[in-house]
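**Student:** This structure is in structure tokens; I'll ask about it shortly.
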Amino acid sequence: MTKLSKLNIFKQFLEKGPIILLFIATLNEFDFNYLELKYFSFNFPFILIYYWSLKRPGSLGYGLIFLSGLFNDAVVGLPIGVSSLSYLFICGFSSYLRNITLRPSKINDWFFFGFTILVVNSLMFAISNVFFNVQIIYSDVLVNILFTFLFYIIFSSLFEYYKNLVFGASNV
Amino acid sequence: MQPSSRDDFIIAIRSAFLKKENKQKYSLSALILLTLAILILGKYDFKIINYSKISLKEIAYRSTFVFSTPENLIKKSFIATKNHFLVYEENKILREKVKDLETKDYNSEFILAENERLKETLNELNFSSNEILAKVIVDKQSPFLKSIIVNKGSKHGAELGMAVLDKEYLVGKIVELNFTTSRVLLLSDLNSKIPVDILPNGIQSILSGTGKENGKIQYVKEETLIENENKVFTSGAGGIFKPGIPIGEIDKKQSNLDINVSFFSDFSQLRFVKLRSFSPEEN
């Protein structure tokens, strides 16, 4: 009986994996988004939110995504609300894609992700720059967008594996 | 009547933002509106939003500190191991440096005494300082803001604009004050501008951050007078900092046309800093 309840707790923990990962990604000092490498960085929360909102929306609640965005802004030092807005827009885009898609395809998802991050980043940096006078190095932003786009395909495969392992292959 | 593609698009958007069957507790559109409200009210310094921001930041900074503990432990052990292997070579270099510094110390003692005497003669201002030791709790760098979070806030007597020093080197100033934490804007940040004095020629200029590890000298006419390894100190112009706080040295080795400054302090290794406010006292 105890063994069974322990297994149940472990399963629940694994099911909460994506949201735990999102909070670790936003609250931890180590951030793929701000690596101290000149021409390499990518936005891990964008990939995570897009993939899970698209494939299994119940795994990340909108409320928790909103909260993680607020935490990210507080830690990074951006105006409070900017990251939340961009995360929620990603949810909106992925939700729209899910609603119009009849036959899911990895390539379609990938290119739509590219379009999404271009729009969301433009919006995010426009707000930061125009309304809050945050100065931005545009070359860094472009590199970040490019690598986020390229890394989506790798992380989506990893997440796919995790999803099949935890939730089962048919549970989409 | 068949629905048009425009109708399909609107239905898809509506169901994307208001879909209930995904067990989402909050509607996406409501949260987007809430975020926009936070952004707009935050921009105009709405009181409730500001208080909420401060509370959120307190929680976020403390949580980040806890979340980063394992990572910081690994980082510290790595640095300790690396330093252990370099200790012999470092010792030799340090011995040489100590000898050099001892000689300089005698000279500076004399110069300091002379400086005090001359200031008294000129009846100039002296500065008294108030110092708080603070621990760096978050060091999350970003391309938009080079900053650190320290564990001292208004409760401990910290104030906005206070100079932040690593040993005796200036590293930045306080730009955001919470109850028990503060955010320090580092000199390397793009938005940082500090009036400086470049010695030995005494050239007045502005040191700007670059968003990278170094700074650059701006708005200076006598560029030719600035040489490699010239020392950069605060000038005290504008009354933000006291004059003479060491910052870094000129680094003209880099190939670009900018006059770069490499800071004396390594901003990625800050663990404890001093928050210091200066107030002038007349002789």
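Residue numbers start at 1 in each chain; chains themselves are named A, B, ... in the order of the structure tokens; ligands are numbered from 1 in the order shown.
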Can you pull out every residue within 8 Å of stretch 140-157 of chain A, counting only C-alpha atoms, but drop anything in the same chain fewer than 4 positions away, and send it as a PyMOL selection string?
**Tutor:** (chain A and resi 33+39-44+46-47+51+110+113-114+117-118+121+136+161) or (chain B and resi 143)
**Student:** If you take only C-alpha atoms and a cut-off of 8 Å, which residues of stretch 39-139 of chain A touch stretch 23-26 of chain A, and what are their nearest atom pairs and distances in Å to one decimal, in chain and number order, as CSV?
**Tutor:**
residue,atom,partner,partner_atom,distance
A:Phe44,CA,A:Ala25,CA,7.4
A:Pro45,CA,A:Ala25,CA,6.7
A:Ser68,CA,A:Phe23,CA,6.0
A:Gly69,CA,A:Thr26,CA,7.7
A:Phe71,CA,A:Thr26,CA,6.8
A:Asn72,CA,A:Thr26,CA,5.0
A:Val75,CA,A:Thr26,CA,7.9
**Student:** Pick out the residues sitting within 7 Å of stretch 76-82 of chain A, and hand them over as a count of residues only; count only C-alpha atoms, and ignore anything fewer than 3 positions along from it in its own chain.
**Tutor:** 13
**Student:** Which neighbours of A:Tyr62 fall inside 10 Å, counting only C-alpha atoms, when residues of the same chain fewer than 5 positions from it are skipped, and could you give them as a list in words?
**Tutor:**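 Within the cut-off, the hits are Ile49, Ser53, Pro57, Leu67, Ser68, Ser84, Tyr87, Leu88 and Cys91 of chain A; Gln24, Lys25, Tyr26, Ser27, Leu28, Leu31 and Ile32 of chain B.
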**Student:** Which residues of chain A are close to chain B, meaning at most 6 Å apart when you count only C-alpha atoms, and how do they look as a VMD selection string?
**Tutor:** chain A and resid 27 to 29 34 58 61 71 74 81 95 to 96 99 136
**Student:** Residues as selected, all heavy atoms, written as a CSV table (one decimal), in the first residue's frame, can you do that?
**Tutor:**
chain,number,residue,atom,x,y,z
A,27,LEU,N,13.8,30.9,-12.2
A,27,LEU,CA,14.3,31.4,-10.9
A,27,LEU,C,15.8,31.1,-10.7
A,27,LEU,O,16.4,31.7,-9.9
A,27,LEU,CB,13.5,30.7,-9.8
A,27,LEU,CG,12.1,31.4,-9.5
A,27,LEU,CD1,11.4,30.5,-8.5
A,27,LEU,CD2,12.3,32.8,-9.0
A,28,ASN,N,16.3,30.2,-11.5
A,28,ASN,CA,17.7,29.8,-11.3
A,28,ASN,C,18.6,30.9,-11.9
A,28,ASN,O,18.3,31.5,-12.8
A,28,ASN,CB,18.0,28.5,-12.0
A,28,ASN,CG,19.2,27.8,-11.4
A,28,ASN,OD1,20.3,28.3,-11.4
A,28,ASN,ND2,19.0,26.7,-10.8
A,29,GLU,N,19.8,31.1,-11.2
A,29,GLU,CA,20.8,32.1,-11.8
A,29,GLU,C,21.3,31.6,-13.1
A,29,GLU,O,21.6,32.5,-14.0
A,29,GLU,CB,22.0,32.2,-10.8
A,29,GLU,CG,21.8,33.3,-9.8
A,29,GLU,CD,23.0,33.4,-8.9
A,29,GLU,OE1,24.1,33.3,-9.4
A,29,GLU,OE2,22.8,33.6,-7.7
A,34,TYR,N,21.0,33.9,-21.1
A,34,TYR,CA,22.1,34.8,-20.8
A,34,TYR,C,23.4,34.2,-20.5
A,34,TYR,O,24.1,34.4,-19.5
A,34,TYR,CB,21.7,35.7,-19.6
A,34,TYR,CG,20.3,36.2,-19.7
A,34,TYR,CD1,19.4,35.9,-18.7
A,34,TYR,CD2,19.9,37.0,-20.8
A,34,TYR,CE1,18.0,36.4,-18.8
A,34,TYR,CE2,18.6,37.4,-20.9
A,34,TYR,CZ,17.7,37.1,-19.9
A,34,TYR,OH,16.4,37.5,-20.0
A,58,GLY,N,-2.8,21.1,-20.5
A,58,GLY,CA,-3.1,21.0,-19.1
A,58,GLY,C,-1.8,20.9,-18.2
A,58,GLY,O,-1.9,21.2,-17.0
A,61,GLY,N,-0.4,25.5,-16.4
A,61,GLY,CA,-1.6,26.4,-16.3
A,61,GLY,C,-1.2,27.8,-16.7
A,61,GLY,O,-0.1,28.2,-16.5
A,71,PHE,N,8.1,36.4,-12.1
A,71,PHE,CA,9.3,36.1,-11.4
A,71,PHE,C,10.5,36.3,-12.3
A,71,PHE,O,11.5,36.9,-11.9
A,71,PHE,CB,9.3,34.6,-11.0
A,71,PHE,CG,8.5,34.4,-9.7
A,71,PHE,CD1,7.8,33.2,-9.5
A,71,PHE,CD2,8.6,35.3,-8.7
A,71,PHE,CE1,7.1,33.0,-8.3
A,71,PHE,CE2,7.9,35.1,-7.5
A,71,PHE,CZ,7.1,34.0,-7.3
A,74,ALA,N,11.3,40.0,-12.4
A,74,ALA,CA,11.9,40.4,-11.2
A,74,ALA,C,13.4,40.1,-11.1
A,74,ALA,O,14.2,40.9,-10.8
A,74,ALA,CB,11.1,39.9,-10.0
A,81,GLY,N,6.0,42.4,-16.0
A,81,GLY,CA,4.9,42.1,-16.9
A,81,GLY,C,5.3,41.8,-18.3
A,81,GLY,O,4.6,41.2,-19.0
A,95,SER,N,-2.0,27.8,-28.9
A,95,SER,CA,-3.4,27.4,-28.8
A,95,SER,C,-4.1,27.6,-30.1
A,95,SER,O,-4.9,26.7,-30.5
A,95,SER,CB,-4.0,28.3,-27.7
A,95,SER,OG,-5.2,27.8,-27.3
A,96,TYR,N,-3.8,28.7,-30.8
A,96,TYR,CA,-4.4,28.9,-32.1
A,96,TYR,C,-3.9,27.8,-33.1
A,96,TYR,O,-4.8,27.3,-33.8
A,96,TYR,CB,-3.9,30.3,-32.6
A,96,TYR,CG,-4.3,30.6,-34.1
A,96,TYR,CD1,-5.6,30.8,-34.4
A,96,TYR,CD2,-3.3,30.6,-35.1
A,96,TYR,CE1,-6.0,31.0,-35.7
A,96,TYR,CE2,-3.7,30.8,-36.4
A,96,TYR,CZ,-5.0,31.0,-36.7
A,96,TYR,OH,-5.4,31.2,-38.0
A,99,ASN,N,-5.7,24.7,-32.5
A,99,ASN,CA,-7.1,24.7,-32.9
A,99,ASN,C,-7.3,24.6,-34.4
A,99,ASN,O,-8.4,24.1,-34.9
A,99,ASN,CB,-7.8,26.0,-32.4
A,99,ASN,CG,-8.2,25.8,-31.0
A,99,ASN,OD1,-9.0,25.0,-30.6
A,99,ASN,ND2,-7.6,26.6,-30.1
A,136,ILE,N,18.9,47.9,-25.8
A,136,ILE,CA,19.0,46.5,-26.3
A,136,ILE,C,20.1,46.4,-27.3
A,136,ILE,O,20.2,47.2,-28.2
A,136,ILE,CB,17.7,46.0,-26.9
A,136,ILE,CG1,16.6,46.0,-25.8
A,136,ILE,CG2,17.8,44.7,-27.6
A,136,ILE,CD1,15.2,46.2,-26.3
**Student:** Find the residue from A:Ile19, A:Leu48, A:Leu7, A:Leu54 that sits nearest to A:Pro104; use only C-alpha atoms when measuring.
**Tutor:** A:Leu54
**Student:** Using DSSP on the backbone, list every residue of stretch 26-267 of chain B that comes out as alpha helix (DSSP H), and give them as a PyMOL selection string.
**Tutor:** chain B and resi 28-43+47-67+69-122
